[in-house]
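Coordinates from final_7.txt are shown below (compact mmCIF, C-alpha atoms).
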```
# COMPACT_ATOMS: atom_id res chain seq x y z
CA MET X 1 12.01 -7.92 -1.39
CA ILE X 2 13.69 -6.35 1.63
CA LYS X 3 14.34 -8.39 4.80
CA THR X 4 14.59 -6.48 8.03
CA ASP X 5 13.85 -6.74 11.76
CA VAL X 6 11.15 -4.09 11.91
CA VAL X 7 9.06 -2.10 9.46
CA ILE X 8 8.01 1.25 10.93
CA VAL X 9 4.87 2.75 9.44
CA GLY X 10 5.13 6.53 9.82
CA ALA X 11 8.12 8.87 9.96
CA GLY X 12 6.78 11.29 12.58
CA PRO X 13 8.64 11.96 15.83
CA THR X 14 7.37 8.76 17.45
CA GLY X 15 8.46 6.56 14.53
CA LEU X 16 11.84 8.29 14.40
CA PHE X 17 12.57 7.82 18.08
CA CYS X 18 11.43 4.21 17.95
CA ALA X 19 13.96 3.74 15.13
CA HIS X 20 16.61 5.22 17.43
CA GLN X 21 15.73 2.77 20.17
CA LEU X 22 15.86 -0.14 17.71
CA GLY X 23 19.30 1.01 16.60
CA ILE X 24 20.49 1.22 20.19
CA ILE X 25 19.49 -2.38 20.89
CA GLY X 26 21.05 -3.58 17.64
CA LEU X 27 18.00 -4.11 15.42
CA LYS X 28 17.51 -2.95 11.84
CA CYS X 29 14.45 -1.19 10.50
CA GLU X 30 12.94 0.35 7.38
CA ILE X 31 10.65 3.36 7.64
CA VAL X 32 7.72 3.98 5.29
CA ASP X 33 5.74 7.23 5.09
CA ASN X 34 3.05 8.46 2.75
CA LEU X 35 4.33 12.04 2.81
CA ASP X 36 7.20 13.18 0.61
CA LYS X 37 9.12 14.35 3.66
CA ILE X 38 10.16 13.13 7.10
CA GLY X 39 8.48 14.49 10.25
CA GLY X 40 4.78 13.57 10.09
CA GLN X 41 2.36 16.06 11.64
CA CYS X 42 5.31 18.11 12.96
CA ILE X 43 6.32 18.93 9.41
CA GLU X 44 2.98 18.84 7.63
CA LEU X 45 0.77 20.62 10.14
CA TYR X 46 2.97 22.87 12.25
CA PRO X 47 6.60 23.14 11.03
CA ASP X 48 6.90 26.70 12.40
CA LYS X 49 4.81 26.41 15.55
CA PRO X 50 6.83 26.25 18.75
CA ILE X 51 6.45 23.15 20.94
CA TYR X 52 7.03 23.70 24.66
CA ASP X 53 6.72 20.24 26.18
CA ILE X 54 9.61 18.17 24.91
CA PRO X 55 11.58 17.19 28.03
CA ALA X 56 14.75 19.26 28.43
CA VAL X 57 13.94 21.29 25.31
CA PRO X 58 12.23 24.48 26.53
CA GLU X 59 11.11 25.46 23.05
CA CYS X 60 11.51 24.10 19.54
CA THR X 61 9.55 24.06 16.30
CA GLY X 62 8.23 20.94 14.58
CA GLU X 63 10.93 21.35 11.98
CA GLU X 64 13.73 21.60 14.54
CA LEU X 65 12.45 18.59 16.44
CA THR X 66 12.42 16.54 13.25
CA LYS X 67 15.92 17.70 12.31
CA ASN X 68 17.29 16.73 15.72
CA LEU X 69 15.60 13.33 15.73
CA LEU X 70 17.08 12.64 12.30
CA GLU X 71 20.50 13.68 13.56
CA GLN X 72 20.08 11.28 16.46
CA ILE X 73 19.39 8.25 14.23
CA LYS X 74 21.98 9.15 11.59
CA PRO X 75 24.59 6.63 12.86
CA PHE X 76 22.24 3.74 12.10
CA ASN X 77 21.76 4.56 8.40
CA PHE X 78 18.15 3.41 8.35
CA LYS X 79 16.40 3.63 5.03
CA PHE X 80 13.29 5.78 4.46
CA HIS X 81 10.66 4.96 1.87
CA LEU X 82 8.79 8.22 1.36
CA ASN X 83 5.82 8.93 -0.87
CA ASP X 84 4.77 5.37 -0.27
CA ARG X 85 2.05 3.83 1.84
CA VAL X 86 1.84 0.43 3.48
CA GLN X 87 -1.15 -1.18 1.85
CA GLU X 88 -1.21 -4.78 2.96
CA LEU X 89 0.01 -6.88 5.88
CA LYS X 90 0.05 -10.66 5.65
CA ASN X 91 1.41 -13.17 8.11
CA GLU X 92 3.52 -16.08 6.88
CA ASN X 93 5.41 -18.35 9.29
CA ASP X 94 5.66 -15.72 12.03
CA ASN X 95 6.89 -13.17 9.51
CA TRP X 96 4.94 -10.19 8.31
CA ILE X 97 4.87 -9.58 4.58
CA VAL X 98 4.39 -5.87 4.13
CA LYS X 99 3.36 -4.54 0.73
CA THR X 100 3.30 -0.89 -0.26
CA THR X 101 1.34 1.09 -2.83
CA ASN X 102 4.50 1.51 -4.94
CA GLY X 103 4.96 -2.25 -5.05
CA LYS X 104 7.72 -2.61 -2.45
CA GLU X 105 7.72 -5.74 -0.30
CA PHE X 106 9.28 -6.14 3.13
CA HIS X 107 9.64 -9.31 5.21
CA ALA X 108 9.95 -8.69 8.94
CA PRO X 109 8.94 -10.36 12.20
CA ASN X 110 7.76 -6.97 13.51
CA VAL X 111 5.72 -4.03 12.29
CA VAL X 112 5.50 -0.85 14.36
CA ILE X 113 2.57 1.36 13.44
CA ALA X 114 3.47 4.95 14.29
CA GLY X 115 0.89 6.34 11.94
CA GLY X 116 -0.45 9.34 13.88
CA VAL X 117 -4.06 9.85 12.90
CA GLY X 118 -3.53 8.02 9.62
CA SER X 119 -1.96 8.97 6.34
CA PHE X 120 -2.22 12.42 4.84
CA GLU X 121 -4.44 12.47 1.75
CA PRO X 122 -5.65 15.44 -0.28
CA ARG X 123 -9.03 16.84 0.71
CA LYS X 124 -11.41 16.34 -2.16
CA PHE X 125 -14.38 18.22 -3.60
CA PRO X 126 -17.61 17.50 -1.71
CA THR X 127 -19.56 17.26 -4.98
CA LYS X 128 -20.54 13.72 -5.98
CA SER X 129 -20.25 14.54 -9.67
CA ALA X 130 -16.53 15.32 -9.24
CA GLU X 131 -15.85 11.68 -8.38
CA LYS X 132 -16.28 10.29 -11.87
CA PHE X 133 -13.59 12.64 -13.20
CA ASP X 134 -11.25 12.00 -10.25
CA GLY X 135 -7.72 11.36 -11.48
CA THR X 136 -8.49 12.27 -15.10
CA SER X 137 -9.73 15.84 -15.23
CA VAL X 138 -10.40 16.52 -11.54
CA LEU X 139 -6.97 16.57 -9.89
CA TYR X 140 -5.56 17.34 -6.44
CA SER X 141 -1.89 17.48 -7.37
CA ILE X 142 0.07 18.11 -10.54
CA LYS X 143 2.54 15.60 -11.91
CA ASP X 144 2.89 16.87 -15.48
CA LYS X 145 1.94 20.47 -16.10
CA SER X 146 2.22 20.14 -19.90
CA ILE X 147 -1.23 18.50 -20.03
CA PHE X 148 -2.79 21.90 -19.25
CA LYS X 149 -1.25 23.71 -22.22
CA ASN X 150 -3.89 25.72 -24.12
CA LYS X 151 -6.65 24.25 -21.93
CA SER X 152 -9.17 25.86 -19.60
CA VAL X 153 -8.24 25.14 -16.00
CA ALA X 154 -10.40 25.95 -12.96
CA ILE X 155 -8.33 26.13 -9.76
CA PHE X 156 -9.97 26.06 -6.31
CA GLY X 157 -8.34 27.16 -3.07
CA GLY X 158 -6.78 30.15 -1.33
CA GLY X 159 -3.42 28.84 -0.14
CA ASP X 160 0.01 28.86 -1.72
CA SER X 161 -0.54 25.75 -3.87
CA ALA X 162 -3.63 27.25 -5.49
CA LEU X 163 -2.06 30.68 -6.01
CA ASP X 164 1.30 29.40 -7.25
CA TRP X 165 -0.29 27.08 -9.79
CA ALA X 166 -2.76 29.74 -10.93
CA ILE X 167 0.16 32.10 -11.62
CA GLU X 168 2.29 29.42 -13.26
CA LEU X 169 -0.43 27.95 -15.46
CA SER X 170 -1.72 31.38 -16.53
CA ASN X 171 1.29 31.52 -18.90
CA THR X 172 0.00 28.70 -21.06
CA SER X 173 -3.62 28.01 -20.00
CA LYS X 174 -6.88 29.87 -19.51
CA VAL X 175 -7.05 29.95 -15.72
CA SER X 176 -10.02 30.60 -13.44
CA LEU X 177 -9.27 30.86 -9.72
CA ILE X 178 -12.16 30.23 -7.35
CA HIS X 179 -12.00 30.78 -3.59
CA ARG X 180 -14.67 30.80 -0.91
CA ARG X 181 -13.76 34.21 0.55
CA ASP X 182 -12.05 37.50 -0.36
CA GLU X 183 -8.92 36.84 1.64
CA PHE X 184 -6.19 34.44 0.67
CA ARG X 185 -3.88 32.64 3.03
CA GLY X 186 -1.08 32.40 0.44
CA ALA X 187 2.03 34.56 0.49
CA PRO X 188 1.23 38.30 0.13
CA VAL X 189 3.45 38.59 -2.96
CA SER X 190 1.44 35.83 -4.69
CA VAL X 191 -1.86 37.45 -3.68
CA LYS X 192 -0.67 40.72 -5.22
CA LYS X 193 0.33 38.94 -8.42
CA ILE X 194 -3.05 37.21 -8.64
CA LYS X 195 -4.85 40.55 -8.29
CA GLU X 196 -2.69 42.05 -11.05
CA LEU X 197 -3.35 39.11 -13.35
CA SER X 198 -7.04 39.41 -12.60
CA GLU X 199 -7.08 43.14 -13.42
CA LYS X 200 -5.31 42.43 -16.70
CA LYS X 201 -7.96 39.79 -17.38
CA ILE X 202 -5.31 37.09 -17.67
CA ILE X 203 -6.91 35.16 -14.81
CA ASN X 204 -10.64 35.00 -14.08
CA LEU X 205 -10.95 35.47 -10.35
CA PHE X 206 -14.10 34.38 -8.52
CA THR X 207 -14.15 35.01 -4.78
CA LYS X 208 -16.91 34.00 -2.37
CA TYR X 209 -17.73 31.12 -4.68
CA SER X 210 -17.50 27.37 -4.17
CA ILE X 211 -18.11 24.37 -6.40
CA LYS X 212 -21.67 23.24 -7.10
CA ASP X 213 -21.44 20.80 -9.96
CA VAL X 214 -19.05 19.26 -12.46
CA LYS X 215 -20.49 18.49 -15.89
CA GLY X 216 -19.48 16.66 -19.03
CA ASN X 217 -20.27 13.68 -21.17
CA GLY X 218 -17.26 11.43 -21.06
CA SER X 219 -14.82 14.29 -20.72
CA LEU X 220 -15.19 17.32 -18.48
CA GLU X 221 -16.84 20.29 -20.21
CA GLU X 222 -17.90 22.83 -17.63
CA ILE X 223 -18.32 23.46 -13.92
CA GLU X 224 -20.97 25.30 -11.99
CA ILE X 225 -19.98 27.47 -9.03
CA LYS X 226 -22.23 29.05 -6.43
CA ASN X 227 -22.01 31.81 -3.86
CA GLU X 228 -23.65 32.00 -0.45
CA ASP X 229 -26.71 33.76 -1.84
CA GLY X 230 -27.34 30.80 -4.11
CA GLU X 231 -26.36 32.58 -7.32
CA SER X 232 -24.50 30.34 -9.68
CA LYS X 233 -22.20 30.71 -12.66
CA ILE X 234 -21.05 28.31 -15.35
CA ILE X 235 -17.37 28.16 -16.24
CA LYS X 236 -15.90 26.25 -19.16
CA ALA X 237 -13.19 23.90 -17.93
CA ASP X 238 -11.12 21.06 -19.30
CA TYR X 239 -9.47 20.48 -15.94
CA VAL X 240 -10.41 21.22 -12.33
CA LEU X 241 -7.73 21.45 -9.67
CA GLY X 242 -8.56 21.41 -5.96
CA PHE X 243 -6.00 22.59 -3.38
CA PHE X 244 -7.72 22.28 -0.02
CA GLY X 245 -4.81 20.93 1.97
CA LEU X 246 -4.46 17.46 3.41
CA ILE X 247 -6.65 15.37 5.65
CA MET X 248 -5.55 12.49 7.82
CA GLN X 249 -7.23 9.20 7.04
CA LEU X 250 -6.77 5.85 8.69
CA GLY X 251 -6.80 4.24 5.25
CA PRO X 252 -5.64 0.63 4.83
CA ILE X 253 -4.70 0.28 8.55
CA ALA X 254 -8.39 -0.38 9.18
CA GLU X 255 -8.16 -3.55 7.07
CA TRP X 256 -5.30 -5.31 8.83
CA GLY X 257 -7.49 -7.18 11.30
CA LEU X 258 -6.44 -5.08 14.27
CA ASN X 259 -8.83 -4.22 17.07
CA LEU X 260 -9.90 -0.62 16.62
CA ASP X 261 -11.42 1.87 19.03
CA LYS X 262 -12.77 4.77 16.94
CA LYS X 263 -9.68 5.70 14.92
CA THR X 264 -7.15 4.29 17.38
CA ILE X 265 -5.58 0.88 18.06
CA PRO X 266 -5.78 -0.57 21.57
CA VAL X 267 -2.44 -1.88 22.88
CA ASN X 268 -1.04 -3.31 26.08
CA THR X 269 1.19 -0.93 28.00
CA GLU X 270 3.94 -3.48 28.60
CA ASN X 271 5.31 -3.46 25.05
CA PHE X 272 2.60 -1.71 22.99
CA GLU X 273 1.76 -4.83 21.03
CA THR X 274 -1.68 -4.94 19.42
CA ASN X 275 -4.01 -7.94 19.26
CA LYS X 276 -1.73 -9.32 16.51
CA LYS X 277 1.57 -10.88 17.48
CA GLY X 278 4.48 -8.79 16.17
CA ILE X 279 2.39 -5.74 15.35
CA PHE X 280 2.94 -2.82 17.67
CA ALA X 281 1.24 0.59 17.73
CA ILE X 282 2.76 3.72 19.25
CA GLY X 283 2.11 7.46 19.30
CA ASP X 284 -1.20 9.14 18.55
CA ILE X 285 -2.60 6.05 16.86
CA CYS X 286 -2.50 3.80 19.94
CA THR X 287 -4.85 3.88 22.89
CA TYR X 288 -4.80 2.50 26.43
CA PRO X 289 -6.15 3.68 29.79
CA GLY X 290 -4.57 7.03 30.58
CA LYS X 291 -3.22 7.61 27.07
CA LEU X 292 -1.90 11.13 26.49
CA LYS X 293 -1.41 12.34 22.94
CA LEU X 294 1.94 13.93 23.66
CA ILE X 295 5.16 13.53 21.71
CA LEU X 296 6.94 12.53 24.92
CA SER X 297 4.45 9.68 25.45
CA GLY X 298 5.21 8.53 21.92
CA PHE X 299 8.91 8.40 22.76
CA HIS X 300 8.26 6.21 25.80
CA GLU X 301 5.95 3.95 23.82
CA GLY X 302 8.57 3.61 21.06
CA ALA X 303 11.27 2.64 23.55
CA LEU X 304 9.14 -0.16 24.99
CA ALA X 305 7.88 -1.34 21.59
CA ALA X 306 11.49 -1.61 20.41
CA ARG X 307 12.21 -4.06 23.28
CA GLY X 308 9.05 -5.93 22.33
CA CYS X 309 10.39 -6.29 18.79
CA PHE X 310 13.67 -7.74 20.05
CA LYS X 311 11.94 -10.89 21.28
CA TYR X 312 10.69 -11.81 17.78
CA ALA X 313 13.72 -10.51 15.86
CA ARG X 314 16.26 -12.40 18.00
CA PRO X 315 14.29 -15.35 19.42
CA ASN X 316 17.46 -17.14 20.51
CA GLU X 317 19.05 -14.21 22.30
CA LYS X 318 18.20 -12.74 25.62
CA TYR X 319 17.66 -9.01 25.66
CA ARG X 320 20.05 -7.29 28.04
CA PHE X 321 19.28 -3.82 29.32
CA GLU X 322 22.16 -1.37 28.92
CA PHE X 323 22.72 2.35 29.46
CA THR X 324 24.09 4.46 26.60
CA THR X 325 26.46 6.10 29.08
CA ALA X 326 28.11 2.83 30.04
CA SER X 327 27.80 0.32 27.20
CA ASN X 328 30.65 -0.08 24.73
CA THR X 329 28.40 -2.13 22.45
CA ILE X 330 26.02 0.81 22.20
CA LYS X 331 28.88 3.21 21.62
CA ASP X 332 30.02 0.98 18.74
CA ARG X 333 26.52 1.06 17.29
CA LEU X 334 26.56 4.84 17.50
CA GLY X 335 29.89 4.86 15.70
CA LEU X 336 31.71 6.39 18.70
CA LYS X 337 35.25 5.47 19.45
CA MET R 1 -20.68 26.44 33.05
CA ALA R 2 -22.80 26.67 29.92
CA LYS R 3 -25.50 24.47 28.41
CA ILE R 4 -24.46 23.73 24.83
CA LYS R 5 -26.72 22.17 22.24
CA TYR R 6 -24.96 20.06 19.61
CA ILE R 7 -27.12 19.27 16.62
CA GLU R 8 -26.03 16.42 14.38
CA HIS R 9 -26.50 16.69 10.63
CA SER R 10 -29.40 14.25 10.96
CA GLY R 11 -31.12 16.68 13.33
CA LYS R 12 -30.42 14.65 16.46
CA GLU R 13 -29.80 16.97 19.40
CA HIS R 14 -27.48 16.58 22.38
CA VAL R 15 -27.59 19.06 25.23
CA VAL R 16 -24.72 18.97 27.69
CA GLU R 17 -23.33 21.21 30.39
CA VAL R 18 -19.75 22.15 29.63
CA GLN R 19 -17.32 23.61 32.14
CA ASN R 20 -15.89 27.08 31.68
CA GLY R 21 -12.44 27.00 30.15
CA LEU R 22 -13.08 23.94 27.99
CA THR R 23 -13.81 24.40 24.32
CA VAL R 24 -16.98 23.55 22.43
CA MET R 25 -14.93 20.82 20.72
CA GLU R 26 -13.86 19.30 24.06
CA GLY R 27 -17.45 19.42 25.29
CA ALA R 28 -18.43 17.18 22.36
CA VAL R 29 -15.46 14.81 22.52
CA GLN R 30 -15.68 14.30 26.31
CA ASN R 31 -19.37 13.52 26.06
CA ASP R 32 -18.99 11.13 23.11
CA ILE R 33 -21.12 13.32 20.86
CA PRO R 34 -20.59 12.18 17.27
CA GLY R 35 -19.91 14.57 14.39
CA ILE R 36 -16.83 16.37 15.71
CA ASP R 37 -13.57 14.53 14.97
CA ALA R 38 -10.86 16.96 16.16
CA ASP R 39 -8.04 14.98 14.55
CA CYS R 40 -5.32 17.44 15.56
CA GLY R 41 -6.51 17.57 19.17
CA GLY R 42 -7.39 21.26 19.22
CA SER R 43 -4.26 22.95 17.89
CA MET R 44 -6.07 24.67 15.00
CA SER R 45 -4.14 22.49 12.59
CA CYS R 46 -6.92 20.57 10.87
CA ALA R 47 -10.53 21.40 10.14
CA THR R 48 -12.30 18.39 11.56
CA CYS R 49 -14.10 20.11 14.43
CA HIS R 50 -15.97 22.37 12.03
CA VAL R 51 -19.44 23.56 13.15
CA TYR R 52 -22.04 26.05 11.99
CA VAL R 53 -23.15 28.53 14.63
CA LYS R 54 -26.72 29.81 14.65
CA GLU R 55 -26.71 33.33 13.20
CA ASP R 56 -27.88 35.12 16.35
CA TRP R 57 -25.05 33.50 18.30
CA TYR R 58 -22.32 33.94 15.69
CA ASP R 59 -21.85 37.65 16.40
CA LYS R 60 -21.88 37.14 20.16
CA LEU R 61 -18.92 34.76 20.12
CA PRO R 62 -15.37 36.01 20.62
CA LYS R 63 -13.96 36.83 17.16
CA LYS R 64 -11.93 34.38 15.13
CA ASP R 65 -8.21 34.31 15.77
CA MET R 66 -5.74 34.69 12.94
CA GLY R 67 -5.50 31.43 11.09
CA GLU R 68 -8.94 30.06 11.87
CA ASP R 69 -10.34 31.16 8.51
CA ASP R 70 -7.30 29.66 6.79
CA MET R 71 -8.15 26.30 8.31
CA LEU R 72 -11.86 26.75 7.56
CA ASP R 73 -10.94 27.07 3.87
CA GLN R 74 -10.11 23.39 4.11
CA ALA R 75 -13.28 22.31 5.90
CA TYR R 76 -16.18 20.47 4.30
CA GLU R 77 -18.64 23.04 2.92
CA PRO R 78 -17.69 26.07 4.98
CA LYS R 79 -20.26 28.90 5.21
CA THR R 80 -20.22 32.43 6.63
CA ASN R 81 -21.35 31.07 10.01
CA SER R 82 -18.64 28.40 10.16
CA ARG R 83 -16.33 28.10 13.15
CA LEU R 84 -13.76 25.64 14.43
CA SER R 85 -15.27 24.40 17.67
CA CYS R 86 -11.80 23.98 19.22
CA GLN R 87 -11.47 27.76 19.09
CA ILE R 88 -14.69 28.56 20.98
CA MET R 89 -13.91 28.75 24.68
CA ILE R 90 -16.79 28.07 27.06
CA SER R 91 -17.85 30.78 29.51
CA ASP R 92 -21.11 31.56 31.32
CA ASP R 93 -21.96 33.94 28.46
CA LEU R 94 -22.27 31.00 26.10
CA ASP R 95 -25.12 29.38 28.02
CA GLY R 96 -27.71 28.28 25.46
CA LEU R 97 -25.36 28.19 22.44
CA SER R 98 -26.40 25.89 19.60
CA VAL R 99 -23.95 24.48 17.09
CA PHE R 100 -24.79 22.46 13.99
CA MET R 101 -22.46 19.76 12.75
CA PRO R 102 -21.76 19.57 9.01
CA GLU R 103 -22.61 16.48 6.98
CA LYS R 104 -19.06 15.25 7.47
CA GLN R 105 -15.70 16.40 8.73
CA ILE R 106 -13.57 15.87 5.63
```
Show how you would write the structure in this file as structure tokens.
Amino acid sequence: MIKTDVVIVGAGPTGLFCAHQLGIIGLKCEIVDNLDKIGGQCIELYPDKPIYDIPAVPECTGEELTKNLLEQIKPFNFKFHLNDRVQELKNENDNWIVKTTNGKEFHAPNVVIAGGVGSFEPRKFPTKSAEKFDGTSVLYSIKDKSIFKNKSVAIFGGGDSALDWAIELSNTSKVSLIHRRDEFRGAPVSVKKIKELSEKKIINLFTKYSIKDVKGNGSLEEIEIKNEDGESKIIKADYVLGFFGLIMQLGPIAEWGLNLDKKTIPVNTENFETNKKGIFAIGDICTYPGKLKLILSGFHEGALAARGCFKYARPNEKYRFEFTTASNTIKDRLGLK
Amino acid sequence: MAKIKYIEHSGKEHVVEVQNGLTVMEGAVQNDIPGIDADCGGSMSCATCHVYVKEDWYDKLPKKDMGEDDMLDQAYEPKTNSRLSCQIMISDDLDGLSVFMPEKQI
């Protein structure tokens, strides 16, 4: 069990800057994110796309923004818990007990939800029949590639994950690669390799096909694929891998008893607290009259939510506003001499 | 200004007038038309504003930009007449356009 002042849900730019503001006012926090890396949408959706509306930064990419925000909170040594998702929130004596999917438990008077549009989850096959094999022979990520040795593997997708795994697994498995169009969005060198492997009949390549059905009694036996003209083909498969990218889903946040408006959480604009005492929501996930889904709005919201957290984390102290330019206490916190 | 018809998967139709310069996605979101999520807000970074465009209209629309097909790969049941509605800019020429929403946006 970890005791802290604030648990931040989401390591995107808003969560990171809120952590900075907490550090400045002398509070501790722990940051949890479902992705395996820090940066949220900035890193997952558009690491290379330039952003033009960060105040005083004429142009930067999602990756640069993340790097700079991390640099800014470095003095505080806050701990990140990546690849983990906050599953459950329970209130006990004005403290929130926060449990994660990986079994971690935090106790904190405050939780700041900076969850964007929800957590990133793999997009799954639309076919109902794929569900009963989900996690056993229908997979969306690979943990242990040795299970595919000498097996028939059907890989779906046209991006780098699909191409890279098709190439890699073709060494030890019978690979079929299925994609809905002729063009691939993966790296040109991988596309070239796939075409070579297909010509040498090492990989079975099916373009302009998508999944129709997944069949098997108990274990997976074969899949049926179809093209736009309705023609279908049967492929023998022990495993099916789908690489269709990630989708954002609200997930467990919907079950924490918070007021919801579509996929967003209404907050007050004084401190961004939700309808639950000690739970704050900032960034894309919060809503209020006039809400703008801009990174700069998330920064502002995080700064105010941090002050809101102070009240519950230090009930016997009075919060005193200070400037970073003038305060020696803040300079100490930043490790400046 | 163009009259756009949004047809839900259930067949329910919504006809709204959308200003030039907005996108087909924004026309739906601003008029509370269900079936278009637009999680990323229109930056061509997700595929949750996916629509099917009636064949006769598909060829009349401005062509897809680089990257749109890459995102459509990730949409729910993409077809040859699939588009991301955030990438279709409204102009007078689009008056009478019909778009069909897929069964779901994930």
Go through chain X residue by residue and, counting only C-alpha atoms, keep those with an atom at most 7 Å from chain R; for each kept residue give the shortest atom pair and its distance in Å to one decimal, ordered by chain and increasing number, as CSV.
```
residue,atom,partner,partner_atom,distance
X:Leu45,CA,R:Ser45,CA,5.8
X:Val117,CA,R:Asp39,CA,6.7
X:Arg123,CA,R:Ile106,CA,6.8
X:Pro126,CA,R:Tyr76,CA,6.9
X:Arg185,CA,R:Asp70,CA,5.9
X:Phe244,CA,R:Gln74,CA,4.9
X:Gly245,CA,R:Gln74,CA,6.2
X:Ile247,CA,R:Ile106,CA,6.9
```
Q) Residues at most 10 Å from Ser98 of chain R, counting only C-alpha atoms, excluding those fewer than 6 positions away in the same chain, as a list in words? A) Lys3, Ile4, Lys5, Tyr6, Ile7, Glu13, His14, Val15, Val51, Tyr52, Val53, Lys54, Glu55, Asp56, Trp57 and Tyr58 of chain R
Q) atom CA of Lys37 of chain X and atom CA of Phe17 of chain X are how many Å apart? A)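 Separation of atom CA of Lys37 of chain X and atom CA of Phe17 of chain X: 16.2 Å.
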(Q) For segment 22-32 of chain X, find every residue with an atom within 6 Å (counting all atoms listed in the file), except residues of its own chain fewer than 6 positions away, and show them as number ranges by chain. (A) X: 4-10, 79-82, 306, 330
Q: Could you tell me which of R:Phe100, R:Lys60, R:Met66, R:Asp93 comes closest to Ala28 of chain R if we count only C-alpha atoms?
A: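 Distance minimum relative to Ala28 of chain R lands on R:Phe100.
One distance worth recording is that between atom CA of Pro266 of chain X and atom CA of Val112 of chain X, which is 13.4 Å.
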Q: Identify which of the residues X:Leu169, X:Val86, X:Leu241, X:Ile265 lies closest to Ser119 of chain X, counting only C-alpha atoms when measuring atom-to-atom distances.
A: X:Val86
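One distance worth recording is that between atom CA of Asp261 of chain X and atom CA of Glu301 of chain X, which is 18.1 Å.
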Q: Extract, using all atoms listed in the file, all DNA, RNA and protein residues at most 9 Å from Tyr288 of chain X, discarding same-chain residues fewer than 2 positions from it, and format them as a PyMOL selection string.
A: chain X and resi 265-269+286+290-291
Dump of C-alpha atoms for the selected residues, as a tab-separated table (two decimals), keeping the file's coordinate frame:
```
chain	number	residue	atom	x	y	z
X	265	ILE	CA	-5.58	0.88	18.06
X	266	PRO	CA	-5.78	-0.57	21.57
X	267	VAL	CA	-2.44	-1.88	22.88
X	268	ASN	CA	-1.04	-3.31	26.08
X	269	THR	CA	1.19	-0.93	28.00
X	286	CYS	CA	-2.50	3.80	19.94
X	290	GLY	CA	-4.57	7.03	30.58
X	291	LYS	CA	-3.22	7.61	27.07
```
Q: Would you mind telling me which residue in X:Lys215, X:His179, X:Lys67, X:Lys74 lies nearest to Ser129 of chain X when using only C-alpha atoms?
A: X:Lys215
**Q.** Residue among R:Ser10, R:Gln87, R:Glu103, R:Asp95 lying closest to Val24 of chain R, counting all atoms listed in the file
**A.**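 Ranked by minimum distance to Val24 of chain R, first place goes to R:Gln87.
Take the candidates R:Leu22, R:Cys86, R:Val29, R:Ala2 and check each one against Lys262 of chain X using all atoms listed in the file; the shortest distance goes to R:Val29.
Take the candidates X:Glu105, X:Glu222, X:Glu183, X:Glu131 and check each one against Val153 of chain X using all atoms listed in the file; the shortest distance goes to X:Glu222.
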Q. Using all atoms listed in the file, which residues sit within 8 Å of Leu258 of chain X once same-chain residues fewer than 2 positions away are excluded, as a ChimeraX atom specification?
A. /X:254-256,260,265,274-276
Q: Within 12 Å of Thr66 of chain X, counting only C-alpha atoms, which residues show up once you throw out same-chain ones fewer than 3 positions away? Write them as a ChimeraX atom specification, please.
A: /X:11-17,37-44,46-48,51,60-63,69-73,295
Can you patch up segment 69-78 of chain R, filling it in to N, CA and C atoms, and show the result as an mmCIF file, keeping the file's coordinate frame?
```cif
data_model
loop_
_atom_site.group_PDB
_atom_site.id
_atom_site.type_symbol
_atom_site.label_atom_id
_atom_site.label_comp_id
_atom_site.auth_asym_id
_atom_site.auth_seq_id
_atom_site.Cartn_x
_atom_site.Cartn_y
_atom_site.Cartn_z
ATOM 1 N N ASP R 69 -9.722 31.157 9.836
ATOM 2 C CA ASP R 69 -10.340 31.160 8.510
ATOM 3 C C ASP R 69 -9.500 30.369 7.501
ATOM 4 N N ASP R 70 -8.176 30.424 7.680
ATOM 5 C CA ASP R 70 -7.300 29.660 6.790
ATOM 6 C C ASP R 70 -7.598 28.163 6.896
ATOM 7 N N MET R 71 -7.829 27.717 8.140
ATOM 8 C CA MET R 71 -8.150 26.300 8.310
ATOM 9 C C MET R 71 -9.563 26.008 7.802
ATOM 10 N N LEU R 72 -10.481 26.968 8.008
ATOM 11 C CA LEU R 72 -11.860 26.750 7.560
ATOM 12 C C LEU R 72 -11.946 26.610 6.037
ATOM 13 N N ASP R 73 -10.985 27.241 5.332
ATOM 14 C CA ASP R 73 -10.940 27.070 3.870
ATOM 15 C C ASP R 73 -10.906 25.584 3.513
ATOM 16 N N GLN R 74 -10.328 24.803 4.414
ATOM 17 C CA GLN R 74 -10.110 23.390 4.110
ATOM 18 C C GLN R 74 -11.229 22.498 4.652
ATOM 19 N N ALA R 75 -12.203 23.104 5.309
ATOM 20 C CA ALA R 75 -13.280 22.310 5.900
ATOM 21 C C ALA R 75 -14.263 21.853 4.822
ATOM 22 N N TYR R 76 -15.138 20.945 5.209
ATOM 23 C CA TYR R 76 -16.180 20.470 4.300
ATOM 24 C C TYR R 76 -17.310 21.500 4.283
ATOM 25 N N GLU R 77 -17.569 22.069 3.112
ATOM 26 C CA GLU R 77 -18.640 23.040 2.920
ATOM 27 C C GLU R 77 -18.690 24.154 3.971
ATOM 28 N N PRO R 78 -17.640 24.958 4.043
ATOM 29 C CA PRO R 78 -17.690 26.070 4.980
ATOM 30 C C PRO R 78 -18.696 27.142 4.534
#
```
